[in-house]
file query-v4.txt (compact mmCIF, C-alpha atoms)
# COMPACT_ATOMS: atom_id res chain seq x y z
CA MET A 187 -10.79 15.67 31.42
CA ASN A 188 -6.98 15.71 31.46
CA PHE A 189 -6.18 18.25 28.74
CA ALA A 190 -2.41 17.61 29.02
CA LYS A 191 -2.82 13.93 28.14
CA PHE A 192 -5.32 14.79 25.39
CA PHE A 193 -3.03 17.29 23.68
CA THR A 194 -0.02 14.97 24.11
CA SER A 195 -1.94 12.11 22.47
CA LEU A 196 -3.13 14.45 19.71
CA ALA A 197 0.41 15.69 19.07
CA ILE A 198 1.78 12.14 18.93
CA THR A 199 -1.03 11.11 16.57
CA LEU A 200 -0.42 14.06 14.24
CA LEU A 201 3.33 13.41 14.32
CA LEU A 202 2.81 9.75 13.40
CA ILE A 203 0.47 10.72 10.57
CA TYR A 204 3.10 13.15 9.26
CA LEU A 205 5.98 10.67 9.59
CA MET A 206 3.99 7.89 7.89
CA ASN A 207 3.17 10.10 4.90
CA VAL A 208 6.57 11.66 4.23
CA GLY A 209 9.42 10.00 2.36
CA TRP A 210 12.88 9.95 3.92
CA THR A 211 16.41 9.85 2.60
CA ILE A 212 19.12 8.28 4.74
CA GLY A 213 22.50 8.53 3.04
CA ASN A 214 21.86 7.28 -0.50
CA THR A 215 18.86 5.21 0.57
CA SER A 216 15.38 6.53 -0.18
CA ILE A 217 12.53 5.35 2.05
CA PRO A 218 8.98 5.81 0.67
CA PRO A 219 6.11 7.14 2.80
CA LEU A 220 5.44 4.05 4.92
CA GLY A 221 1.78 4.87 5.44
CA SER A 222 1.00 4.73 1.72
CA PHE A 223 3.48 1.96 1.01
CA LEU A 224 2.11 -0.37 3.73
CA ASP A 225 -1.55 0.51 3.15
CA PRO A 226 -3.24 -2.92 2.74
CA PHE A 227 -5.81 -1.49 0.30
CA HIS A 228 -3.57 0.66 -1.91
CA GLY A 229 0.08 -0.08 -1.04
CA PHE A 230 2.53 -2.68 -2.27
CA TRP A 231 0.17 -5.51 -1.27
CA GLN A 232 -1.90 -4.67 -4.36
CA ASN A 233 1.10 -5.51 -6.56
CA LEU A 234 1.04 -9.13 -5.42
CA GLU A 235 -1.88 -9.73 -7.80
CA PRO A 236 -1.11 -10.33 -11.51
CA THR A 237 -2.05 -7.57 -13.93
CA GLY A 238 -4.32 -8.19 -16.89
CA TYR A 239 -4.40 -11.99 -16.83
CA GLN A 240 -7.63 -12.64 -14.95
CA GLY A 241 -9.70 -14.43 -17.59
CA LYS A 242 -12.15 -12.37 -19.61
CA LYS A 243 -11.82 -8.73 -18.70
CA GLN A 244 -13.29 -5.70 -20.41
CA LEU A 245 -10.54 -3.10 -20.87
CA VAL A 246 -11.57 0.45 -21.58
CA ILE A 247 -8.89 1.86 -23.89
CA PRO A 248 -9.68 5.40 -25.10
CA GLY A 249 -8.99 6.24 -28.72
CA LEU A 250 -9.91 2.89 -30.31
CA LYS A 251 -11.83 3.08 -33.59
CA ALA A 252 -13.16 -0.47 -33.42
CA GLN A 253 -13.18 -3.52 -31.18
CA VAL A 254 -9.82 -5.02 -30.18
CA THR A 255 -9.44 -8.48 -28.65
CA VAL A 256 -6.48 -9.50 -26.50
CA VAL A 257 -6.05 -13.22 -25.73
CA TYR A 258 -3.41 -14.61 -23.35
CA ASP A 259 -2.10 -18.09 -24.07
CA SER A 260 -0.77 -20.65 -21.57
CA LEU A 261 2.59 -18.81 -21.47
CA LEU A 262 0.79 -15.51 -20.70
CA ILE A 263 1.83 -14.10 -24.09
CA PRO A 264 -0.73 -11.53 -25.34
CA HIS A 265 -2.22 -12.00 -28.81
CA ILE A 266 -3.70 -8.72 -30.04
CA PHE A 267 -6.37 -8.82 -32.77
CA ALA A 268 -7.43 -5.47 -34.24
CA GLN A 269 -9.48 -4.38 -37.24
CA ASN A 270 -7.09 -1.60 -38.33
CA HIS A 271 -3.44 -0.65 -37.91
CA ASP A 272 -4.01 2.39 -35.68
CA ASP A 273 -5.92 0.33 -33.13
CA LEU A 274 -3.31 -2.45 -33.31
CA TYR A 275 -0.38 -0.25 -32.29
CA LEU A 276 -2.43 1.76 -29.79
CA ALA A 277 -3.42 -1.50 -28.08
CA GLN A 278 0.18 -2.77 -28.24
CA GLY A 279 1.36 0.35 -26.41
CA TYR A 280 -1.37 0.03 -23.79
CA ILE A 281 -0.82 -3.71 -23.15
CA THR A 282 2.97 -3.40 -23.05
CA ALA A 283 2.77 -0.51 -20.57
CA MET A 284 0.38 -2.54 -18.44
CA HIS A 285 3.14 -5.10 -17.87
CA ARG A 286 6.43 -3.21 -18.36
CA LEU A 287 5.83 0.49 -17.68
CA TRP A 288 8.53 1.01 -15.04
CA GLN A 289 11.13 -0.88 -17.08
CA MET A 290 10.35 1.21 -20.16
CA GLU A 291 10.53 4.53 -18.33
CA PHE A 292 13.64 3.71 -16.30
CA GLN A 293 15.51 2.68 -19.46
CA THR A 294 14.67 5.98 -21.14
CA HIS A 295 15.84 7.88 -18.06
CA ALA A 296 19.09 5.91 -18.16
CA ALA A 297 19.56 6.57 -21.88
CA ALA A 298 18.91 10.32 -21.48
CA GLY A 299 21.08 10.72 -18.38
CA ARG A 300 18.16 11.39 -16.02
CA VAL A 301 18.49 8.64 -13.41
CA SER A 302 19.48 11.23 -10.78
CA GLU A 303 15.88 12.43 -10.85
CA ILE A 304 14.87 9.06 -9.38
CA VAL A 305 17.91 7.94 -7.35
CA ALA A 306 20.42 10.44 -5.96
CA SER A 307 24.05 9.33 -5.58
CA ASP A 308 27.46 10.39 -6.85
CA ALA A 309 27.78 7.24 -8.96
CA VAL A 310 24.42 7.86 -10.63
CA LEU A 311 25.29 11.52 -11.21
CA ASN A 312 28.52 10.56 -12.95
CA TYR A 313 26.59 8.06 -15.09
CA ASP A 314 24.15 10.80 -16.10
CA ARG A 315 27.04 13.08 -17.03
CA ARG A 316 28.53 10.42 -19.30
CA GLN A 317 25.21 9.90 -21.06
CA ARG A 318 24.81 13.65 -21.59
CA ARG A 319 28.34 13.96 -22.98
CA LEU A 320 27.65 11.12 -25.40
CA GLY A 321 24.72 13.13 -26.77
CA MET A 322 22.13 10.37 -26.45
CA VAL A 323 19.16 12.75 -26.57
CA TYR A 324 20.65 14.55 -29.58
CA ALA A 325 21.06 11.21 -31.35
CA ALA A 326 17.49 10.21 -30.47
CA GLN A 327 16.15 13.51 -31.80
CA ASN A 328 17.94 12.93 -35.11
CA ALA A 329 16.60 9.38 -35.25
CA LEU A 330 13.07 10.62 -34.59
CA GLU A 331 13.35 13.12 -37.44
CA SER A 332 14.38 10.34 -39.81
CA MET A 333 11.39 8.25 -38.70
CA GLY A 334 8.98 11.09 -39.43
CA ASN A 335 5.48 11.08 -37.98
CA HIS A 336 5.01 7.35 -38.47
CA PRO A 337 1.49 6.35 -37.40
CA ALA A 338 2.75 3.26 -35.55
CA ILE A 339 4.96 5.34 -33.24
CA ILE A 340 2.25 7.95 -32.66
CA GLN A 341 -0.45 5.38 -31.88
CA TYR A 342 1.88 3.29 -29.72
CA THR A 343 2.77 6.41 -27.70
CA GLU A 344 -0.89 7.30 -27.35
CA GLY A 345 -1.66 3.82 -26.04
CA ILE A 346 1.06 4.06 -23.38
CA ASN A 347 -0.26 7.44 -22.25
CA HIS A 348 -3.82 6.15 -22.03
CA TYR A 349 -2.57 3.48 -19.63
CA ILE A 350 -0.57 6.01 -17.58
CA GLU A 351 -3.64 8.26 -17.34
CA SER A 352 -5.70 5.34 -16.02
CA LEU A 353 -3.42 4.82 -13.01
CA ASP A 354 -3.90 5.96 -9.46
CA TYR A 355 -1.61 5.12 -6.54
CA ASN A 356 -3.35 1.79 -6.05
CA ASP A 357 -2.46 0.71 -9.61
CA LEU A 358 1.12 1.98 -9.78
CA PRO A 359 3.75 -0.70 -10.44
CA PHE A 360 5.65 -1.75 -7.33
CA GLU A 361 8.86 0.09 -8.29
CA TYR A 362 7.11 3.47 -8.33
CA LYS A 363 5.75 2.89 -4.83
CA LEU A 364 9.13 1.73 -3.55
CA LEU A 365 11.01 4.69 -5.07
CA ASN A 366 8.17 7.13 -4.31
CA TYR A 367 7.58 8.79 -7.67
CA GLU A 368 5.08 8.66 -10.51
CA PRO A 369 5.43 8.01 -14.26
CA GLU A 370 5.60 10.98 -16.59
CA PRO A 371 3.80 11.18 -19.96
CA TRP A 372 5.34 9.06 -22.72
CA THR A 373 6.66 10.74 -25.88
CA THR A 374 7.76 9.57 -29.30
CA LEU A 375 11.26 10.75 -28.33
CA LYS A 376 11.28 8.04 -25.64
CA CYS A 377 10.74 5.41 -28.36
CA ALA A 378 13.81 6.76 -30.16
CA LEU A 379 15.77 6.86 -26.89
CA LEU A 380 15.14 3.16 -26.34
CA LEU A 381 16.50 2.36 -29.80
CA LYS A 382 19.60 4.47 -29.14
CA ASN A 383 19.99 2.77 -25.76
CA MET A 384 20.02 -0.58 -27.57
CA ALA A 385 22.53 0.75 -30.11
CA GLN A 386 24.77 1.90 -27.25
CA THR A 387 24.55 -1.54 -25.64
CA LEU A 388 25.53 -3.24 -28.89
CA ASN A 389 28.42 -1.06 -30.03
CA MET A 390 30.12 0.50 -27.02
CA GLY A 391 32.56 -2.39 -26.48
CA ASP A 392 35.15 -0.81 -28.76
CA LYS A 393 38.88 -0.92 -28.11
CA ASP A 394 40.00 1.71 -30.62
CA ILE A 395 42.20 3.76 -28.31
CA GLU A 396 43.74 0.70 -26.66
CA MET A 397 44.46 -0.99 -30.00
CA THR A 398 45.91 2.21 -31.48
CA ASN A 399 48.31 2.41 -28.56
CA ALA A 400 49.16 -1.29 -28.83
CA LEU A 401 49.89 -0.92 -32.55
CA LYS A 402 52.29 1.94 -31.87
CA LEU A 403 53.97 0.23 -28.91
CA PHE A 404 54.40 -3.30 -30.26
CA GLY A 405 54.20 -2.97 -34.05
CA LYS A 406 51.84 -4.65 -36.50
CA GLU A 407 53.53 -8.06 -36.39
CA MET A 408 53.11 -8.39 -32.62
CA VAL A 409 49.54 -7.09 -32.69
CA ASP A 410 48.64 -9.58 -35.41
CA LEU A 411 50.17 -12.32 -33.25
CA LEU A 412 48.27 -11.33 -30.12
CA TYR A 413 45.00 -10.37 -31.81
CA PRO A 414 44.75 -12.32 -35.08
CA ASP A 415 41.89 -11.36 -37.36
CA ASN A 416 40.36 -14.79 -37.91
CA GLU A 417 37.27 -13.41 -39.60
CA LYS A 418 38.20 -11.31 -42.59
CA SER A 419 35.70 -8.51 -43.03
CA GLY A 420 35.23 -5.81 -45.61
CA ASP A 421 36.73 -2.35 -45.55
CA PRO A 422 35.24 0.22 -43.17
CA ILE A 423 32.32 2.15 -44.62
CA VAL A 424 33.62 5.44 -46.05
CA GLU A 425 32.18 7.96 -48.46
CA ARG A 426 34.39 6.74 -51.33
CA PRO A 427 35.00 2.97 -51.11
CA GLY A 428 38.70 2.13 -51.10
CA GLN A 429 39.72 5.75 -50.51
CA TRP A 430 40.51 7.22 -47.10
CA ASP A 431 39.79 10.93 -46.81
CA PHE A 432 41.76 11.41 -43.56
CA GLN A 433 45.15 10.68 -42.06
CA PRO A 434 45.41 8.53 -38.90
CA ILE A 435 46.85 10.31 -35.85
CA ALA A 436 50.52 9.44 -35.29
CA LEU A 437 51.51 8.60 -31.72
CA ASP A 438 55.22 9.34 -31.20
CA ASN A 439 57.69 9.00 -28.34
CA LEU A 440 55.67 6.51 -26.33
CA PRO A 441 57.65 4.22 -23.97
CA LEU A 442 57.39 0.45 -24.27
CA ALA A 443 54.64 -0.94 -22.06
CA LEU A 444 56.56 -4.20 -21.41
CA PRO A 445 60.27 -4.94 -20.99
CA ASP A 446 62.02 -6.91 -23.76
CA GLU A 447 62.27 -10.14 -21.72
CA LEU A 448 58.46 -10.34 -21.56
CA MET A 449 57.99 -9.86 -25.29
CA GLY A 450 58.91 -13.43 -26.35
CA ILE A 451 55.35 -14.55 -27.00
CA LYS A 452 54.67 -17.52 -29.25
CA ARG A 453 51.60 -17.83 -31.44
CA LEU A 454 48.71 -19.54 -29.72
CA ALA A 455 46.65 -22.32 -31.28
CA ALA A 456 44.30 -21.26 -34.04
CA ALA A 457 40.88 -20.04 -32.92
CA ASP A 458 38.08 -22.58 -32.78
CA PRO A 459 36.14 -22.13 -36.05
CA ASN A 460 32.98 -23.30 -34.29
CA THR A 461 33.05 -20.42 -31.82
CA GLY A 462 30.99 -17.41 -32.77
CA SER A 463 27.45 -16.20 -33.04
CA ASN A 464 24.70 -18.77 -32.63
CA ASN A 465 22.77 -17.53 -35.65
CA TRP A 466 21.91 -20.30 -38.08
CA ALA A 467 19.15 -21.71 -40.23
CA VAL A 468 18.23 -25.30 -41.14
CA ALA A 469 16.19 -26.10 -44.24
CA GLY A 470 12.97 -28.05 -43.84
CA SER A 471 14.51 -30.90 -45.86
CA LYS A 472 16.96 -31.43 -42.98
CA THR A 473 14.46 -31.50 -40.07
CA TYR A 474 12.21 -34.24 -38.69
CA THR A 475 9.04 -32.18 -39.04
CA GLY A 476 9.85 -30.84 -42.48
CA SER A 477 9.66 -27.27 -41.18
CA PRO A 478 12.69 -24.97 -41.31
CA MET A 479 14.41 -23.86 -38.10
CA LEU A 480 15.94 -20.45 -37.38
CA ALA A 481 18.09 -19.32 -34.45
CA GLY A 482 19.39 -15.84 -33.73
CA ASP A 483 21.94 -14.45 -31.29
CA PRO A 484 21.45 -10.76 -30.42
CA HIS A 485 24.43 -10.86 -27.99
CA LEU A 486 22.51 -9.24 -25.15
CA ASN A 487 22.74 -9.90 -21.43
CA LEU A 488 20.12 -11.73 -19.44
CA THR A 489 18.12 -9.22 -17.41
CA LEU A 490 15.15 -9.15 -15.07
CA PRO A 491 12.74 -7.90 -16.34
CA SER A 492 13.66 -9.42 -19.70
CA ILE A 493 14.92 -7.15 -22.48
CA TRP A 494 12.20 -8.65 -24.68
CA TYR A 495 8.40 -8.76 -24.52
CA ALA A 496 6.71 -11.47 -26.60
CA VAL A 497 3.47 -10.61 -28.42
CA GLN A 498 1.37 -11.45 -31.48
CA LEU A 499 0.07 -8.58 -33.64
CA HIS A 500 -2.85 -9.28 -35.97
CA ALA A 501 -4.67 -6.78 -38.21
CA PRO A 502 -5.53 -6.56 -41.94
CA GLY A 503 -2.24 -7.15 -43.78
CA ILE A 504 -0.35 -7.92 -40.53
CA ASN A 505 0.04 -11.23 -38.74
CA THR A 506 3.32 -11.41 -36.89
CA MET A 507 4.55 -12.77 -33.59
CA GLY A 508 7.82 -12.53 -31.72
CA ALA A 509 9.97 -10.44 -29.44
CA THR A 510 9.34 -6.73 -29.09
CA LEU A 511 11.44 -4.12 -27.34
CA PRO A 512 9.23 -2.69 -24.55
CA GLY A 513 8.68 0.94 -25.48
CA VAL A 514 8.97 0.47 -29.26
CA PRO A 515 6.15 -0.63 -31.60
CA SER A 516 6.08 -3.69 -33.88
CA VAL A 517 8.15 -6.90 -33.61
CA ILE A 518 11.98 -6.90 -33.63
CA ILE A 519 12.61 -10.67 -33.89
CA GLY A 520 9.89 -13.07 -34.97
CA PHE A 521 7.88 -14.55 -37.82
CA ASN A 522 4.80 -13.97 -39.93
CA ASP A 523 2.77 -16.08 -42.35
CA SER A 524 5.67 -16.35 -44.80
CA ILE A 525 9.08 -15.89 -43.19
CA ALA A 526 10.99 -15.77 -39.91
CA TRP A 527 13.81 -13.36 -39.11
CA SER A 528 16.35 -12.76 -36.39
CA VAL A 529 19.44 -10.68 -35.70
CA THR A 530 22.97 -11.09 -34.42
CA ASN A 531 25.68 -8.71 -33.32
CA ALA A 532 28.84 -9.29 -35.35
CA GLN A 533 30.71 -7.01 -32.90
CA ARG A 534 32.56 -5.21 -35.66
CA ASP A 535 34.19 -1.81 -35.27
CA LEU A 536 31.19 0.49 -34.93
CA VAL A 537 32.66 3.41 -32.97
CA ASP A 538 34.93 6.05 -34.46
CA TRP A 539 37.06 8.62 -32.65
CA TYR A 540 37.82 12.08 -34.01
CA LYS A 541 40.35 14.70 -32.96
CA VAL A 542 38.71 18.12 -32.97
CA THR A 543 40.85 21.11 -33.99
CA PHE A 544 39.58 24.39 -32.57
CA LYS A 545 40.53 27.72 -34.10
CA ASP A 546 41.55 29.24 -30.77
CA ARG A 547 41.01 28.85 -27.03
CA SER A 548 37.50 30.25 -27.22
CA ARG A 549 36.47 27.05 -29.05
CA ASP A 550 33.89 29.05 -30.98
CA GLN A 551 34.95 27.44 -34.26
CA TYR A 552 36.29 24.04 -35.31
CA LEU A 553 37.90 22.74 -38.49
CA LEU A 554 36.00 20.43 -40.84
CA ASP A 555 36.95 19.70 -44.46
CA GLY A 556 39.21 22.76 -44.58
CA LYS A 557 36.52 25.15 -43.31
CA TRP A 558 35.99 26.80 -39.92
CA LEU A 559 32.50 26.06 -38.66
CA ASN A 560 30.75 27.55 -35.64
CA THR A 561 30.37 25.35 -32.57
CA ARG A 562 27.02 25.01 -30.83
CA LYS A 563 27.33 25.06 -27.05
CA VAL A 564 24.74 23.23 -25.01
CA ILE A 565 24.42 23.61 -21.24
CA GLU A 566 22.96 20.48 -19.66
CA GLU A 567 20.89 20.80 -16.49
CA ILE A 568 20.91 17.62 -14.42
CA LYS A 569 18.16 17.51 -11.83
CA VAL A 570 19.10 15.57 -8.70
CA ARG A 571 16.37 14.23 -6.45
CA GLY A 572 16.18 16.14 -3.21
call {"tool": "encode", "arguments": {"input": "query-v4.txt", "output": "structure tokens"}}
result
Amino acid sequence: MNFAKFFTSLAITLLLIYLMNVGWTIGNTSIPPLGSFLDPFHGFWQNLEPTGYQGKKQLVIPGLKAQVTVVYDSLLIPHIFAQNHDDLYLAQGYITAMHRLWQMEFQTHAAAGRVSEIVASDAVLNYDRRQRRLGMVYAAQNALESMGNHPAIIQYTEGINHYIESLDYNDLPFEYKLLNYEPEPWTTLKCALLLKNMAQTLNMGDKDIEMTNALKLFGKEMVDLLYPDNEKSGDPIVERPGQWDFQPIALDNLPLALPDELMGIKRLAAADPNTGSNNWAVAGSKTYTGSPMLAGDPHLNLTLPSIWYAVQLHAPGINTMGATLPGVPSVIIGFNDSIAWSVTNAQRDLVDWYKVTFKDRSRDQYLLDGKWLNTRKVIEEIKVRG
């Protein structure tokens, strides 16, 4: 027996086993363990099969108090029938996670400034820093306190966790295998984070600083010419309607942004009155079928996976169907036995800027309503993969 060849072959075999079961990072590109990823019995090949649609299938969902039936229609929309509210929202969490788990978790990581834990790069790190500075987790914690221990949120969270606990590597969604990590337990805070992530999407297109500068540089007449307010809206929401309890910051000694010869701008044609949000309703007396029609316009981008997840929820006292936000219980846009509802984004001024006056350079106290209040300093730890 040639021991040299034997030990060489053994060493090469062990090295290949090691290399095929260890993830690699080349630059900003993460490569999963190729042995597990390419495994024909447990790797990404398993994700080529649809999840949860194969005809009649007995799902074992822990925590149910009674039988729950889930029926998929021709559009693969789940219809959930439960005998009580707790089971309804627990099953909704489980079924939604079965189809959208990675999307739900990645969005909460993005909202909380934790994407660096999954993908390491300077751009991602800077994104996480911005999210931390915005205080998204702090806002979500406050939102969760206002919600209280609502049974729907608790049961929905429990349903998601039951699905996560049922997974092994074979069942993990494709994205987890590709990025080489596993889902963490769901929490009610993640539900609140998703709502704050949606709020950020809808109201972070403000131009307050730019418009304040433009008003100072060009004057009100020019600003009204360039940016006419074609839709008159009410006063901003303040504590005492019609009364401002603060003074706007004055910006002095700013140079003109444009020379005089470029300032001769003439008024453009009036805005098209038909342009705006596509939210409308038509009475049944105006339609061919005699049924009313409703359209909404949430002003959200097209994404893949979709922002929305369609579902029907049916239990005693509840029969509603429509679009849900994956990771949040109930229906956001939809209809029930009596009415239909939708939403639009009027894109009004929803972001306010404040100038903070500190007592001294220590920044231990700041001024609010004529009183010096103590600051609370928070040190954020950002974990970066690798």
call {"tool": "residues_around", "arguments": {"input": "query-v4.txt", "residues": "stretch 552-556 of chain A", "least_positions_apart": "3", "cutoff": "10 Å", "atoms": "all atoms listed in the file", "output": "PyMOL selection string"}}
result
chain A and resi 431-432+542-546+549+559-561
call {"tool": "closest_residue", "arguments": {"input": "query-v4.txt", "among": "A:Pro264, A:Pro248, A:Gly299, A:Gly513", "to": "A:Glu351", "atoms": "only C-alpha atoms"}}
result
A:Pro248
call {"tool": "atom_distance", "arguments": {"input": "query-v4.txt", "atom1": "atom CA of A:Gln327", "atom2": "atom CA of A:Trp372"}}
result
14.8 Å
call {"tool": "residues_around", "arguments": {"input": "query-v4.txt", "residues": "stretch 499-506 of chain A", "least_positions_apart": "6", "cutoff": "9 Å", "atoms": "all atoms listed in the file", "output": "count of residues only"}}
result
18
call {"tool": "closest_residue", "arguments": {"input": "query-v4.txt", "among": "A:Ile217, A:Ala298, A:Ile518, A:Val323", "to": "A:Thr530", "atoms": "all atoms listed in the file"}}
result
A:Ile518
call {"tool": "residues_around", "arguments": {"input": "query-v4.txt", "residues": "A:Thr374", "least_positions_apart": "4", "cutoff": "10 Å", "atoms": "only C-alpha atoms", "output": "MDAnalysis selection string"}}
result
chainID A and resid 326:327 330 335:336 339:344 378:379 513:514
call {"tool": "atom_distance", "arguments": {"input": "query-v4.txt", "atom1": "atom CA of A:Ser302", "atom2": "atom CA of A:Leu380"}}
result
18.1 Å
call {"tool": "atom_distance", "arguments": {"input": "query-v4.txt", "atom1": "atom CA of A:Lys376", "atom2": "atom CA of A:Pro218"}}
result
26.5 Å
call {"tool": "axis_aligned_box", "arguments": {"input": "query-v4.txt", "around": "stretch 312-330 of chain A", "padding_each_side": "5 Å", "output": "JSON"}}
result
{"center_x": 20.8, "center_y": 11.3, "center_z": -24.1, "size_x": 25.5, "size_y": 16.5, "size_z": 32.3}
call {"tool": "build_atoms", "arguments": {"input": "query-v4.txt", "residues": "stretch 316-327 of chain A", "atoms": "N, CA, C and O atoms", "output": "PDB file, in the frame of the given file"}}
result
ATOM      1  N   ARG A 316      27.980  11.139 -18.146  1.00  0.00           N
ATOM      2  CA  ARG A 316      28.530  10.420 -19.300  1.00  0.00           C
ATOM      3  C   ARG A 316      27.491  10.312 -20.418  1.00  0.00           C
ATOM      4  O   ARG A 316      27.805  10.494 -21.595  1.00  0.00           O
ATOM      5  N   GLN A 317      26.255  10.019 -20.047  1.00  0.00           N
ATOM      6  CA  GLN A 317      25.210   9.900 -21.060  1.00  0.00           C
ATOM      7  C   GLN A 317      24.965  11.240 -21.747  1.00  0.00           C
ATOM      8  O   GLN A 317      24.735  11.293 -22.963  1.00  0.00           O
ATOM      9  N   ARG A 318      25.007  12.328 -20.982  1.00  0.00           N
ATOM     10  CA  ARG A 318      24.810  13.650 -21.590  1.00  0.00           C
ATOM     11  C   ARG A 318      25.951  13.969 -22.550  1.00  0.00           C
ATOM     12  O   ARG A 318      25.737  14.511 -23.632  1.00  0.00           O
ATOM     13  N   ARG A 319      27.187  13.656 -22.134  1.00  0.00           N
ATOM     14  CA  ARG A 319      28.340  13.960 -22.980  1.00  0.00           C
ATOM     15  C   ARG A 319      28.332  13.136 -24.262  1.00  0.00           C
ATOM     16  O   ARG A 319      28.848  13.573 -25.289  1.00  0.00           O
ATOM     17  N   LEU A 320      27.763  11.938 -24.197  1.00  0.00           N
ATOM     18  CA  LEU A 320      27.650  11.120 -25.400  1.00  0.00           C
ATOM     19  C   LEU A 320      26.625  11.692 -26.378  1.00  0.00           C
ATOM     20  O   LEU A 320      26.639  11.351 -27.562  1.00  0.00           O
ATOM     21  N   GLY A 321      25.730  12.543 -25.892  1.00  0.00           N
ATOM     22  CA  GLY A 321      24.720  13.130 -26.770  1.00  0.00           C
ATOM     23  C   GLY A 321      23.607  12.175 -27.131  1.00  0.00           C
ATOM     24  O   GLY A 321      23.129  12.152 -28.265  1.00  0.00           O
ATOM     25  N   MET A 322      23.158  11.375 -26.166  1.00  0.00           N
ATOM     26  CA  MET A 322      22.130  10.370 -26.450  1.00  0.00           C
ATOM     27  C   MET A 322      20.806  11.009 -26.874  1.00  0.00           C
ATOM     28  O   MET A 322      20.144  10.521 -27.799  1.00  0.00           O
ATOM     29  N   VAL A 323      20.415  12.086 -26.203  1.00  0.00           N
ATOM     30  CA  VAL A 323      19.160  12.750 -26.570  1.00  0.00           C
ATOM     31  C   VAL A 323      19.262  13.353 -27.958  1.00  0.00           C
ATOM     32  O   VAL A 323      18.337  13.270 -28.774  1.00  0.00           O
ATOM     33  N   TYR A 324      20.411  13.970 -28.250  1.00  0.00           N
ATOM     34  CA  TYR A 324      20.650  14.550 -29.580  1.00  0.00           C
ATOM     35  C   TYR A 324      20.541  13.470 -30.654  1.00  0.00           C
ATOM     36  O   TYR A 324      19.911  13.679 -31.702  1.00  0.00           O
ATOM     37  N   ALA A 325      21.133  12.314 -30.397  1.00  0.00           N
ATOM     38  CA  ALA A 325      21.060  11.210 -31.350  1.00  0.00           C
ATOM     39  C   ALA A 325      19.625  10.723 -31.518  1.00  0.00           C
ATOM     40  O   ALA A 325      19.177  10.420 -32.636  1.00  0.00           O
ATOM     41  N   ALA A 326      18.887  10.659 -30.405  1.00  0.00           N
ATOM     42  CA  ALA A 326      17.490  10.210 -30.470  1.00  0.00           C
ATOM     43  C   ALA A 326      16.635  11.209 -31.239  1.00  0.00           C
ATOM     44  O   ALA A 326      15.735  10.819 -31.997  1.00  0.00           O
ATOM     45  N   GLN A 327      16.896  12.493 -31.062  1.00  0.00           N
ATOM     46  CA  GLN A 327      16.150  13.510 -31.800  1.00  0.00           C
ATOM     47  C   GLN A 327      16.387  13.373 -33.301  1.00  0.00           C
ATOM     48  O   GLN A 327      15.448  13.487 -34.101  1.00  0.00           O
TER      49      GLN A 327
END
